[in-house]
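Here is the file input_30.txt (compact mmCIF, C-alpha atoms).
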```txt
# COMPACT_ATOMS: atom_id res chain seq x y z
CA MET A 1 74.89 176.40 168.29
CA LEU A 2 73.83 172.91 168.79
CA TYR A 3 73.33 170.65 165.88
CA THR A 4 71.48 167.42 166.23
CA ILE A 5 72.18 164.75 163.70
CA THR A 6 69.31 162.39 163.28
CA ASN A 7 69.66 159.12 161.47
CA SER A 8 66.66 159.04 159.23
CA GLY A 9 67.16 155.37 158.30
CA SER A 10 69.38 152.41 159.04
CA ALA A 11 71.41 150.23 156.62
CA ASN A 12 69.85 146.91 155.77
CA SER A 13 71.43 144.13 157.80
CA ARG A 14 73.00 140.95 156.62
CA PRO A 15 71.45 137.56 157.46
CA SER A 16 71.65 136.93 161.17
CA GLN A 17 71.51 133.15 161.09
CA ILE A 18 72.45 130.30 158.76
CA GLY A 19 72.60 126.66 159.61
CA ALA A 20 73.36 123.11 158.69
CA ASN A 21 71.34 120.56 156.79
CA THR A 22 71.57 117.00 155.49
CA VAL A 23 70.07 115.82 152.24
CA ALA A 24 70.02 112.25 151.00
CA THR A 25 70.33 110.50 147.68
CA THR A 26 71.75 107.31 146.26
CA TYR A 27 74.89 106.82 144.27
CA GLY A 28 74.21 107.45 140.64
CA THR A 29 71.16 109.64 141.33
CA SER A 30 71.45 113.42 141.26
CA TYR A 31 69.96 115.47 144.04
CA VAL A 32 68.21 118.72 143.08
CA PHE A 33 68.49 121.36 145.79
CA THR A 34 65.55 123.51 146.82
CA LEU A 35 65.47 126.91 148.50
CA ALA A 36 64.21 125.23 151.65
CA ASP A 37 67.40 123.18 151.82
CA PHE A 38 69.28 126.44 152.59
CA THR A 39 66.61 128.29 154.57
CA THR A 40 63.80 126.62 156.52
CA GLY A 41 65.43 123.19 156.30
CA THR A 42 68.62 124.16 158.08
CA THR A 43 69.34 124.00 161.81
CA PRO A 44 69.14 126.74 162.87
CA PRO A 45 67.03 128.05 159.98
CA TYR A 46 68.08 130.97 157.86
CA ALA A 47 67.08 134.31 159.45
CA ASP A 48 67.41 137.95 158.55
CA PRO A 49 66.73 140.98 160.81
CA GLU A 50 64.44 142.49 158.22
CA ASP A 51 63.02 139.13 157.25
CA ASP A 52 64.49 139.58 153.82
CA ALA A 53 64.38 136.53 151.63
CA LEU A 54 67.44 134.66 150.50
CA SER A 55 69.13 136.27 147.52
CA TYR A 56 71.97 133.90 146.75
CA ILE A 57 74.34 131.46 148.34
CA LYS A 58 78.05 131.22 147.93
CA VAL A 59 79.58 127.77 147.82
CA LEU A 60 82.68 128.09 149.96
CA THR A 61 84.07 124.57 149.72
CA LEU A 62 83.22 121.59 147.53
CA PRO A 63 82.16 118.13 148.73
CA SER A 64 84.84 115.44 148.88
CA GLN A 65 82.70 113.14 146.72
CA GLY A 66 80.56 114.05 143.75
CA GLU A 67 80.16 117.41 142.04
CA LEU A 68 77.94 120.44 142.40
CA HIS A 69 76.37 121.48 139.13
CA VAL A 70 74.75 124.72 138.01
CA ASN A 71 72.83 124.30 134.79
CA ASP A 72 74.50 120.90 134.42
CA VAL A 73 78.02 122.32 134.58
CA ALA A 74 80.33 121.52 137.48
CA ILE A 75 81.19 124.52 139.62
CA SER A 76 84.23 125.35 141.72
CA ALA A 77 84.55 126.70 145.23
CA ASN A 78 83.55 130.32 145.82
CA THR A 79 80.83 130.19 143.17
CA ILE A 80 77.74 132.31 143.66
CA VAL A 81 74.46 130.46 143.09
CA SER A 82 71.40 132.65 142.79
CA VAL A 83 67.96 131.97 144.17
CA GLY A 84 66.69 131.82 140.60
CA VAL A 85 69.04 128.97 139.76
CA ILE A 86 68.08 127.05 142.89
CA SER A 87 64.33 127.61 142.59
CA THR A 88 64.30 126.40 138.99
CA GLY A 89 65.99 123.14 139.89
CA ASN A 90 69.29 123.94 138.28
CA PHE A 91 71.51 123.51 141.32
CA LYS A 92 72.33 119.85 141.77
CA LEU A 93 74.55 117.43 143.53
CA VAL A 94 75.83 114.80 141.11
CA PRO A 95 77.19 111.91 143.18
CA PRO A 96 79.51 109.19 141.90
CA ALA A 97 77.78 106.35 140.08
CA THR A 98 78.89 103.89 142.73
CA ALA A 99 80.35 104.07 146.20
CA PRO A 100 84.06 104.91 145.88
CA GLY A 101 86.30 102.13 147.07
CA GLY A 102 83.36 99.89 147.69
CA LEU A 103 82.25 101.88 150.72
CA ALA A 104 78.58 101.38 151.35
CA GLU A 105 77.85 104.87 152.65
CA LEU A 106 79.55 108.23 152.79
CA VAL A 107 78.48 111.62 154.11
CA PRO A 108 80.53 114.23 152.28
CA SER A 109 79.60 117.86 152.76
CA PHE A 110 80.12 121.34 151.36
CA THR A 111 80.00 124.71 153.05
CA PHE A 112 78.11 127.80 152.03
CA ASP A 113 77.15 131.26 153.11
CA CYS A 114 73.87 133.09 152.49
CA ALA A 115 73.05 136.61 151.32
CA ASP A 116 69.69 138.29 151.85
CA ALA A 117 67.71 140.23 149.27
CA GLY A 118 67.78 143.42 151.34
CA SER A 119 71.49 143.92 151.85
CA ASN A 120 72.55 141.55 149.10
CA GLN A 121 75.54 140.72 151.27
CA LEU A 122 76.76 137.45 152.67
CA SER A 123 76.21 136.88 156.37
CA GLY A 124 79.87 136.51 157.16
CA LEU A 125 78.81 134.38 160.12
CA GLY A 126 80.82 131.42 159.06
CA ALA A 127 79.99 128.45 157.03
CA GLY A 128 76.66 126.77 156.70
CA VAL A 129 77.16 123.08 156.22
CA MET A 130 75.27 120.93 153.73
CA SER A 131 75.87 117.25 154.44
CA LEU A 132 75.15 114.75 151.70
CA SER A 133 74.01 111.32 152.80
CA LEU A 134 74.90 108.97 149.97
CA THR A 135 73.75 105.38 150.06
CA SER A 136 73.90 102.59 147.58
CA ALA A 137 70.70 102.02 145.67
CA ALA A 138 68.89 98.79 146.42
CA ASN A 139 70.01 96.09 144.03
CA SER A 140 67.18 94.87 141.85
CA ALA A 141 66.14 91.41 140.77
CA PRO A 142 66.79 90.44 137.14
CA SER A 143 64.61 92.44 134.80
CA THR A 144 64.32 89.89 132.02
CA VAL A 145 63.87 86.15 132.04
CA GLY A 146 62.85 84.56 128.80
CA ASP A 147 61.58 81.30 127.39
CA ASN A 148 63.60 78.62 125.69
CA THR A 149 62.90 75.57 123.57
CA VAL A 150 65.30 72.65 123.64
CA LEU A 151 65.12 69.79 121.17
CA PHE A 152 66.38 66.28 121.73
CA GLY A 153 65.61 62.78 120.62
CA TYR A 154 63.93 59.81 122.18
CA GLY A 155 66.04 58.14 124.84
CA VAL A 156 68.32 61.11 125.33
CA THR A 157 68.87 62.43 128.85
CA LYS A 158 68.82 66.20 128.57
CA VAL A 159 71.64 67.76 130.59
CA PHE A 160 70.90 71.43 131.18
CA SER A 161 73.42 74.24 131.12
CA ALA A 162 73.16 77.70 132.64
CA ALA A 163 72.84 79.08 129.12
CA ASP A 164 69.55 77.19 128.71
CA PHE A 165 68.10 79.56 131.33
CA THR A 166 70.00 82.75 130.48
CA THR A 167 71.70 83.49 127.17
CA ASN A 168 69.66 81.02 125.10
CA THR A 169 66.28 82.31 126.19
CA THR A 170 64.12 84.76 124.26
CA PRO A 171 64.57 87.45 125.42
CA ALA A 172 67.94 86.75 127.02
CA TYR A 173 68.51 87.21 130.75
CA SER A 174 69.31 90.74 131.85
CA ASP A 175 69.73 92.58 135.14
CA PRO A 176 69.41 96.32 135.84
CA GLU A 177 72.83 96.42 137.48
CA GLY A 178 74.38 94.04 135.00
CA ASN A 179 74.85 91.40 137.68
CA ALA A 180 75.41 87.84 136.57
CA ALA A 181 72.69 85.24 137.03
CA TYR A 182 73.01 83.32 140.29
CA LYS A 183 70.35 80.67 140.85
CA VAL A 184 67.49 79.08 138.96
CA LYS A 185 64.30 78.25 140.85
CA ILE A 186 62.11 75.54 139.36
CA THR A 187 58.57 76.82 139.82
CA SER A 188 56.69 74.02 138.07
CA LEU A 189 57.61 70.48 137.11
CA PRO A 190 57.32 68.67 133.75
CA SER A 191 54.07 66.78 133.26
CA SER A 192 55.95 63.75 131.96
CA GLY A 193 59.36 62.35 132.83
CA SER A 194 61.41 63.67 135.71
CA LEU A 195 63.67 66.59 136.42
CA THR A 196 66.53 65.58 138.69
CA PHE A 197 69.31 67.38 140.49
CA ASN A 198 72.34 65.24 141.25
CA GLY A 199 70.15 62.17 140.88
CA SER A 200 67.34 63.28 143.18
CA PRO A 201 63.94 64.49 141.98
CA VAL A 202 63.68 68.26 141.83
CA LEU A 203 61.00 69.76 144.04
CA ILE A 204 58.79 72.71 143.18
CA ASN A 205 60.51 75.97 144.17
CA GLN A 206 63.86 74.24 144.59
CA GLU A 207 66.70 76.70 144.09
CA ILE A 208 69.78 75.52 142.22
CA LEU A 209 73.04 77.35 141.68
CA LEU A 210 73.61 77.96 138.01
CA SER A 211 77.22 76.93 138.56
CA ALA A 212 75.87 73.52 139.58
CA VAL A 213 73.68 73.49 136.48
CA ASP A 214 76.78 74.12 134.40
CA SER A 215 78.40 71.18 136.16
CA GLY A 216 75.75 68.93 134.69
CA TYR A 217 73.74 68.22 137.81
CA LEU A 218 70.34 69.26 136.42
CA THR A 219 68.92 66.72 134.00
CA PHE A 220 65.63 65.70 132.46
CA ASN A 221 64.88 62.02 132.12
CA GLN A 222 62.05 61.31 129.73
CA ASP A 223 59.40 58.64 130.15
CA LEU A 224 60.62 55.95 127.77
CA ALA A 225 57.20 54.33 127.71
CA VAL A 226 56.06 57.19 125.50
CA LYS A 227 57.17 56.51 121.95
CA SER A 228 55.45 59.52 120.35
CA SER A 229 56.91 62.99 120.10
CA GLN A 230 56.45 64.90 123.30
CA THR A 231 56.23 68.58 124.13
CA ILE A 232 56.89 69.04 127.82
CA THR A 233 57.32 72.26 129.73
CA PHE A 234 58.39 73.51 133.11
CA ASP A 235 58.70 77.01 134.53
CA PHE A 236 61.58 78.71 136.27
CA SER A 237 62.75 81.95 137.75
CA ILE A 238 66.24 83.45 137.98
CA SER A 239 68.09 85.40 140.65
CA ASP A 240 71.16 87.58 140.25
CA VAL A 241 74.33 87.72 142.35
CA GLY A 242 73.66 91.34 143.35
CA SER A 243 70.23 91.08 144.90
CA GLU A 244 69.86 87.31 145.17
CA GLN A 245 66.19 88.07 144.45
CA PHE A 246 64.17 86.05 141.98
CA THR A 247 62.08 87.50 139.22
CA SER A 248 58.38 87.36 139.92
CA MET B 14 59.13 83.78 135.00
CA GLY B 15 60.46 81.79 132.09
CA THR B 16 59.40 78.55 130.52
CA ILE B 17 61.55 75.75 129.20
CA THR B 18 59.81 73.82 126.44
CA MET B 19 61.34 70.43 125.75
CA SER B 20 60.56 68.99 122.35
CA VAL B 21 61.36 65.30 122.44
CA GLY B 22 61.48 63.32 119.22
CA PRO B 23 59.58 60.05 118.72
CA GLN B 24 61.07 56.66 119.43
CA LEU B 25 62.91 55.35 116.38
CA GLY B 26 63.50 51.68 115.98
CA GLU B 27 62.73 48.35 114.44
CA SER B 28 59.30 47.91 112.97
CA VAL B 29 56.89 45.77 114.91
CA ASP B 30 53.88 44.10 113.37
CA ASN B 31 50.59 45.92 113.75
CA GLU B 32 52.22 49.02 115.23
CA ILE B 33 53.09 52.43 113.84
CA ASN B 34 56.86 52.80 113.94
CA ALA B 35 58.75 56.04 113.50
CA THR B 36 61.75 55.44 111.30
CA SER B 37 63.27 58.90 111.03
CA PHE B 38 62.91 62.33 112.59
CA VAL B 39 65.19 65.21 111.58
CA GLU B 40 64.63 68.80 112.70
CA SER B 41 66.27 71.83 111.12
CA THR B 42 65.62 75.52 111.58
CA CYS B 43 62.73 75.66 109.17
CA THR B 44 61.71 72.09 108.40
CA THR B 45 61.16 68.79 110.11
CA THR B 46 61.22 65.62 108.04
CA PHE B 47 60.01 62.31 109.36
CA GLY B 48 59.15 58.80 108.31
CA PHE B 49 57.07 55.99 109.71
CA ASP B 50 56.00 52.61 108.54
CA VAL B 51 53.35 50.11 109.36
CA ILE B 52 53.56 46.35 108.97
CA VAL B 53 50.15 44.78 109.21
CA THR B 54 49.42 41.08 109.15
CA THR B 55 45.81 41.44 108.02
CA ASP B 56 43.81 44.16 106.35
CA SER B 57 43.79 47.22 108.64
CA TRP B 58 42.80 50.89 108.64
CA ILE B 59 45.02 53.94 109.04
CA GLU B 60 43.95 57.53 109.61
CA TRP B 61 45.53 60.70 110.83
CA SER B 62 44.84 64.33 111.59
CA ALA B 63 47.42 66.98 111.01
CA SER B 64 48.07 70.59 111.89
CA SER B 65 48.47 73.16 109.15
CA GLY B 66 51.86 72.82 107.49
CA VAL B 67 52.12 69.06 108.03
CA THR B 68 52.16 66.92 104.91
CA VAL B 69 52.30 63.13 104.57
CA THR B 70 53.24 61.21 101.47
CA GLY B 71 52.99 57.48 100.75
CA GLY B 72 49.28 57.21 101.38
CA VAL B 73 46.20 59.04 102.47
CA SER B 74 44.40 59.35 105.74
CA GLY B 75 41.46 56.98 105.92
CA GLU B 76 42.56 54.06 103.84
CA THR B 77 42.58 50.32 104.19
CA LEU B 78 46.01 48.79 104.45
CA SER B 79 46.48 45.38 102.97
CA ALA B 80 48.69 42.89 104.75
CA GLY B 81 52.31 43.90 104.32
CA THR B 82 54.62 46.87 104.83
CA HIS B 83 53.50 50.45 104.20
CA SER B 84 55.98 53.29 104.41
CA TYR B 85 55.21 56.97 104.76
CA THR B 86 57.26 60.13 104.88
CA GLY B 87 56.33 63.66 105.72
CA THR B 88 57.40 67.20 106.48
CA VAL B 89 56.48 69.97 108.85
CA VAL B 90 57.16 73.48 107.64
CA GLY B 91 58.52 75.72 110.36
CA PHE B 92 57.08 79.13 111.09
CA LYS B 93 57.54 81.94 113.52
CA SER B 94 55.43 81.48 116.59
CA PHE B 95 52.55 83.86 117.16
CA ASP B 96 52.05 82.64 120.71
CA ALA B 97 53.40 85.57 122.67
CA THR B 98 52.63 83.99 126.00
CA GLN B 99 54.99 81.09 125.56
CA ASN B 100 56.85 81.87 122.36
CA THR B 101 56.24 78.34 121.14
CA VAL B 102 53.49 76.51 119.34
CA THR B 103 53.40 72.89 118.27
CA SER B 104 52.39 71.25 115.01
CA ASN B 105 51.16 67.71 115.47
CA LEU B 106 50.42 64.69 113.36
CA PHE B 107 48.15 62.25 115.21
CA ILE B 108 48.25 58.82 113.54
CA LYS B 109 45.94 55.97 114.44
CA LEU B 110 46.09 52.33 113.28
CA LYS B 111 42.83 50.41 113.66
CA ASP B 112 41.76 46.90 112.78
CA SER B 113 39.00 48.42 110.65
CA GLN B 114 37.45 51.81 110.08
CA ALA B 115 35.04 51.41 112.95
CA GLY B 116 37.11 48.88 114.84
CA ALA B 117 39.52 48.84 117.73
CA THR B 118 42.65 50.92 117.81
CA LEU B 119 45.77 48.82 117.43
CA ASP B 120 48.31 51.62 117.93
CA ASN B 121 48.78 55.33 117.71
CA LEU B 122 51.69 57.69 117.32
CA THR B 123 52.11 61.44 117.51
CA ILE B 124 54.82 63.32 115.66
CA SER B 125 55.37 66.94 116.68
CA ARG B 126 57.43 69.96 115.84
CA VAL B 127 57.76 72.92 118.21
CA HIS B 128 58.00 76.29 116.52
CA SER B 129 59.92 79.10 118.13
CA THR B 130 60.35 82.82 117.61
CA GLN B 131 62.96 82.15 114.95
CA ASN B 132 61.65 83.39 111.66
CA CYS B 133 61.74 81.00 108.71
```
With the file now loaded, output its structure as structure tokens.
Amino acid sequence: MLYTITNSGSANSRPSQIGANTVATTYGTSYVFTLADFTTGTTPPYADPEDDALSYIKVLTLPSQGELHVNDVAISANTIVSVGVISTGNFKLVPPATAPGGLAELVPSFTFDCADAGSNQLSGLGAGVMSLSLTSAANSAPSTVGDNTVLFGYGVTKVFSAADFTTNTTPAYSDPEGNAAYKVKITSLPSSGSLTFNGSPVLINQEILLSAVDSGYLTFNQDLAVKSSQTITFDFSISDVGSEQFTS
Amino acid sequence: MGTITMSVGPQLGESVDNEINATSFVESTCTTTFGFDVIVTTDSWIEWSASSGVTVTGGVSGETLSAGTHSYTGTVVGFKSFDATQNTVTSNLFIKLKDSQAGATLDNLTISRVHSTQNC
């Protein structure tokens, strides 16, 4: 007697293809992974014989810099991360606040494997690679430059200090990165008397190191022909040592 | 952009005939006190206009000065500036010495106080 065994169905296959990808962020700024980062965004893209969707990934190794977080908690290697966690924005890379060791850029990476929704099994093909391009955020110009009023008597030569343009202003100087003030730029001149730097008249938009201001090189010489009280103004801008950009 | 406001006091010195001469000018956080005198050699006329908070003692604006020395003092009460664009406003006293009420101006002097964001 001959028996014929017929396979009425086949077992669902594992993913047939996973790939590599690179995502970018800046130091101090978390990156929120998307499903596409592990599927259509990889090279080659994620593929499954039955076209089953991604079910979960498994983080095989951790990046050398920064942390991977699930629901804002750092994870370890060999952690399963479900599609639900990724699609709701709860799988993140949290990079260091600043470049370690002063390095401008680093590309750490972590490895992962993918499981499909049909077999619910990892591909076993080897590691997908997620590279993380970390760059330093652009340094910003000072965020706050304030006004200041200085009082002095007739006949007095006003010798400015850096504090006249920074700590003594209202509001006081501040910078997003906490960088120190660098230069003052004189953007308008007093209507009476003369502003001088090291004995020479200051020109509009002249940039002066605040260290030179603190050395006493920036002075205001009043017009002694005016015997009344005077209220005289001039405008300035400040740059910081990080960006060397002036406030607008 | 920031603004530096320089408040320069009036010239203080020896009195000169037929001129208005500032004799004192002292600024503190909330008050400025000042003095000025006038030595006229013939009958003259003095008048002034003042911002709110400025007071003058020793005479009144719009009076005839007889020949001789006339001394005045005054105060400016400080206040917190409401000028958000510059954070400073100025109180002024504009003084004018004339040879008569409708006559020629012999001299003038302005005394000012700059107010800041400091609350008094």
Check your understanding: Near Gly48 (chain B), within 8 Å and counting only C-alpha atoms, which residues show up once chain neighbours fewer than 3 positions away are dropped, as a list in words?
Key ->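 Those residues are Ala35, Thr36, Ser37, Phe38, Ser84, Tyr85, Thr86 and Gly87 of chain B.
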Output C-alpha atoms of each residue in that selection to a file, as a tab-separated table (two decimals), in the coordinates of the input.
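File produced: result26.tsv:
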```tsv
chain	number	residue	atom	x	y	z
B	35	ALA	CA	58.75	56.04	113.50
B	36	THR	CA	61.75	55.44	111.30
B	37	SER	CA	63.27	58.90	111.03
B	38	PHE	CA	62.91	62.33	112.59
B	84	SER	CA	55.98	53.29	104.41
B	85	TYR	CA	55.21	56.97	104.76
B	86	THR	CA	57.26	60.13	104.88
B	87	GLY	CA	56.33	63.66	105.72
```
Fewer than 6 positions away in the same chain doesn't count, so skip those; otherwise give me all residues within 12 Å of Asp52 (chain A), counting only C-alpha atoms, as a compact mmCIF listing (two decimals) with C-alpha atoms, keeping the file's coordinate frame.
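Just written: selection-v7.txt:
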```txt
# COMPACT_ATOMS: atom_id res chain seq x y z
CA ASN A 12 69.85 146.91 155.77
CA SER A 13 71.43 144.13 157.80
CA ARG A 14 73.00 140.95 156.62
CA PRO A 15 71.45 137.56 157.46
CA SER A 16 71.65 136.93 161.17
CA GLN A 17 71.51 133.15 161.09
CA THR A 39 66.61 128.29 154.57
CA TYR A 46 68.08 130.97 157.86
CA CYS A 114 73.87 133.09 152.49
CA ALA A 115 73.05 136.61 151.32
CA ASP A 116 69.69 138.29 151.85
CA ALA A 117 67.71 140.23 149.27
CA GLY A 118 67.78 143.42 151.34
CA SER A 119 71.49 143.92 151.85
CA ASN A 120 72.55 141.55 149.10
CA GLN A 121 75.54 140.72 151.27
```
Point to revise | 9 Å contacts from chain A to chain B using all atoms listed in the file, as a PyMOL selection string | key: chain A and resi 144-156+164-165+169-170+187+222+224+226-238+246-248
Point to revise | d(CA of Val69 (chain B), CA of Ser41 (chain B)) in Å | key: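 Interatomic distance, CA of Val69 (chain B) to CA of Ser41 (chain B): 17.7 Å.
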Review point. Within 7 Å of (44.5, 41.0, 103.4), all atoms listed in the file: residues as a list in words?
Key: Thr55, Asp56, Ser79 and Ala80 of chain B
Exercise for review: Determine the nearest neighbour of Thr54 (chain B) from the options B:Thr118, B:Thr82, B:Thr88, B:Ser104, counting all atoms listed in the file.
Suggested key: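 Closest residue, counting all atoms listed in the file: B:Thr82.
CA of Tyr217 (chain A) sits 7.5 Å away from CA of Val159 (chain A).
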Exercise for review: Would you list the residues near (71.6, 110.8, 140.1), meaning any protein, DNA or RNA residue with an atom at most 10 Å from that point in file coordinates, counting all atoms listed in the file, as a PyMOL selection string?
Suggested key: chain A and resi 25-32+92-97
Review point. Got a sec: who's within 10 Å of region 129-137 of chain A, counting only C-alpha atoms, leaving out chain neighbours fewer than 5 positions off, as a VMD selection string?
Key: chain A and resid 18 to 29 31 37 to 38 42 to 43 59 to 61 63 65 to 66 93 95 to 99 102 to 113
Please write the residues from the selection above to a file, keeping C-alpha atoms, as a PDB file, in the coordinates of the input.
```pdb
ATOM      1  CA  ILE A  18      72.450 130.300 158.760  1.00  0.00           C
ATOM      2  CA  GLY A  19      72.600 126.660 159.610  1.00  0.00           C
ATOM      3  CA  ALA A  20      73.360 123.110 158.690  1.00  0.00           C
ATOM      4  CA  ASN A  21      71.340 120.560 156.790  1.00  0.00           C
ATOM      5  CA  THR A  22      71.570 117.000 155.490  1.00  0.00           C
ATOM      6  CA  VAL A  23      70.070 115.820 152.240  1.00  0.00           C
ATOM      7  CA  ALA A  24      70.020 112.250 151.000  1.00  0.00           C
ATOM      8  CA  THR A  25      70.330 110.500 147.680  1.00  0.00           C
ATOM      9  CA  THR A  26      71.750 107.310 146.260  1.00  0.00           C
ATOM     10  CA  TYR A  27      74.890 106.820 144.270  1.00  0.00           C
ATOM     11  CA  GLY A  28      74.210 107.450 140.640  1.00  0.00           C
ATOM     12  CA  THR A  29      71.160 109.640 141.330  1.00  0.00           C
ATOM     13  CA  TYR A  31      69.960 115.470 144.040  1.00  0.00           C
ATOM     14  CA  ASP A  37      67.400 123.180 151.820  1.00  0.00           C
ATOM     15  CA  PHE A  38      69.280 126.440 152.590  1.00  0.00           C
ATOM     16  CA  THR A  42      68.620 124.160 158.080  1.00  0.00           C
ATOM     17  CA  THR A  43      69.340 124.000 161.810  1.00  0.00           C
ATOM     18  CA  VAL A  59      79.580 127.770 147.820  1.00  0.00           C
ATOM     19  CA  LEU A  60      82.680 128.090 149.960  1.00  0.00           C
ATOM     20  CA  THR A  61      84.070 124.570 149.720  1.00  0.00           C
ATOM     21  CA  PRO A  63      82.160 118.130 148.730  1.00  0.00           C
ATOM     22  CA  GLN A  65      82.700 113.140 146.720  1.00  0.00           C
ATOM     23  CA  GLY A  66      80.560 114.050 143.750  1.00  0.00           C
ATOM     24  CA  LEU A  93      74.550 117.430 143.530  1.00  0.00           C
ATOM     25  CA  PRO A  95      77.190 111.910 143.180  1.00  0.00           C
ATOM     26  CA  PRO A  96      79.510 109.190 141.900  1.00  0.00           C
ATOM     27  CA  ALA A  97      77.780 106.350 140.080  1.00  0.00           C
ATOM     28  CA  THR A  98      78.890 103.890 142.730  1.00  0.00           C
ATOM     29  CA  ALA A  99      80.350 104.070 146.200  1.00  0.00           C
ATOM     30  CA  GLY A 102      83.360  99.890 147.690  1.00  0.00           C
ATOM     31  CA  LEU A 103      82.250 101.880 150.720  1.00  0.00           C
ATOM     32  CA  ALA A 104      78.580 101.380 151.350  1.00  0.00           C
ATOM     33  CA  GLU A 105      77.850 104.870 152.650  1.00  0.00           C
ATOM     34  CA  LEU A 106      79.550 108.230 152.790  1.00  0.00           C
ATOM     35  CA  VAL A 107      78.480 111.620 154.110  1.00  0.00           C
ATOM     36  CA  PRO A 108      80.530 114.230 152.280  1.00  0.00           C
ATOM     37  CA  SER A 109      79.600 117.860 152.760  1.00  0.00           C
ATOM     38  CA  PHE A 110      80.120 121.340 151.360  1.00  0.00           C
ATOM     39  CA  THR A 111      80.000 124.710 153.050  1.00  0.00           C
ATOM     40  CA  PHE A 112      78.110 127.800 152.030  1.00  0.00           C
ATOM     41  CA  ASP A 113      77.150 131.260 153.110  1.00  0.00           C
TER      42      ASP A 113
END
```
Exercise for review: Grab the CA of Ser64 (chain A) to CA of Leu35 (chain A) distance for me, in Å with one decimal place.
Suggested key: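 These two atoms are separated by 22.5 Å.
With distances taken over all atoms listed in the file, B:Glu32 is the one residue among B:Glu32, B:Thr44, B:His83, B:Val73 lying closest to Leu110 (chain B).
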Review point. With all atoms listed in the file as the basis for distance, which of B:Asp120, B:Asp30, B:Glu60, B:Asp50 is at the shortest distance from Thr77 (chain B)?
Key: B:Glu60
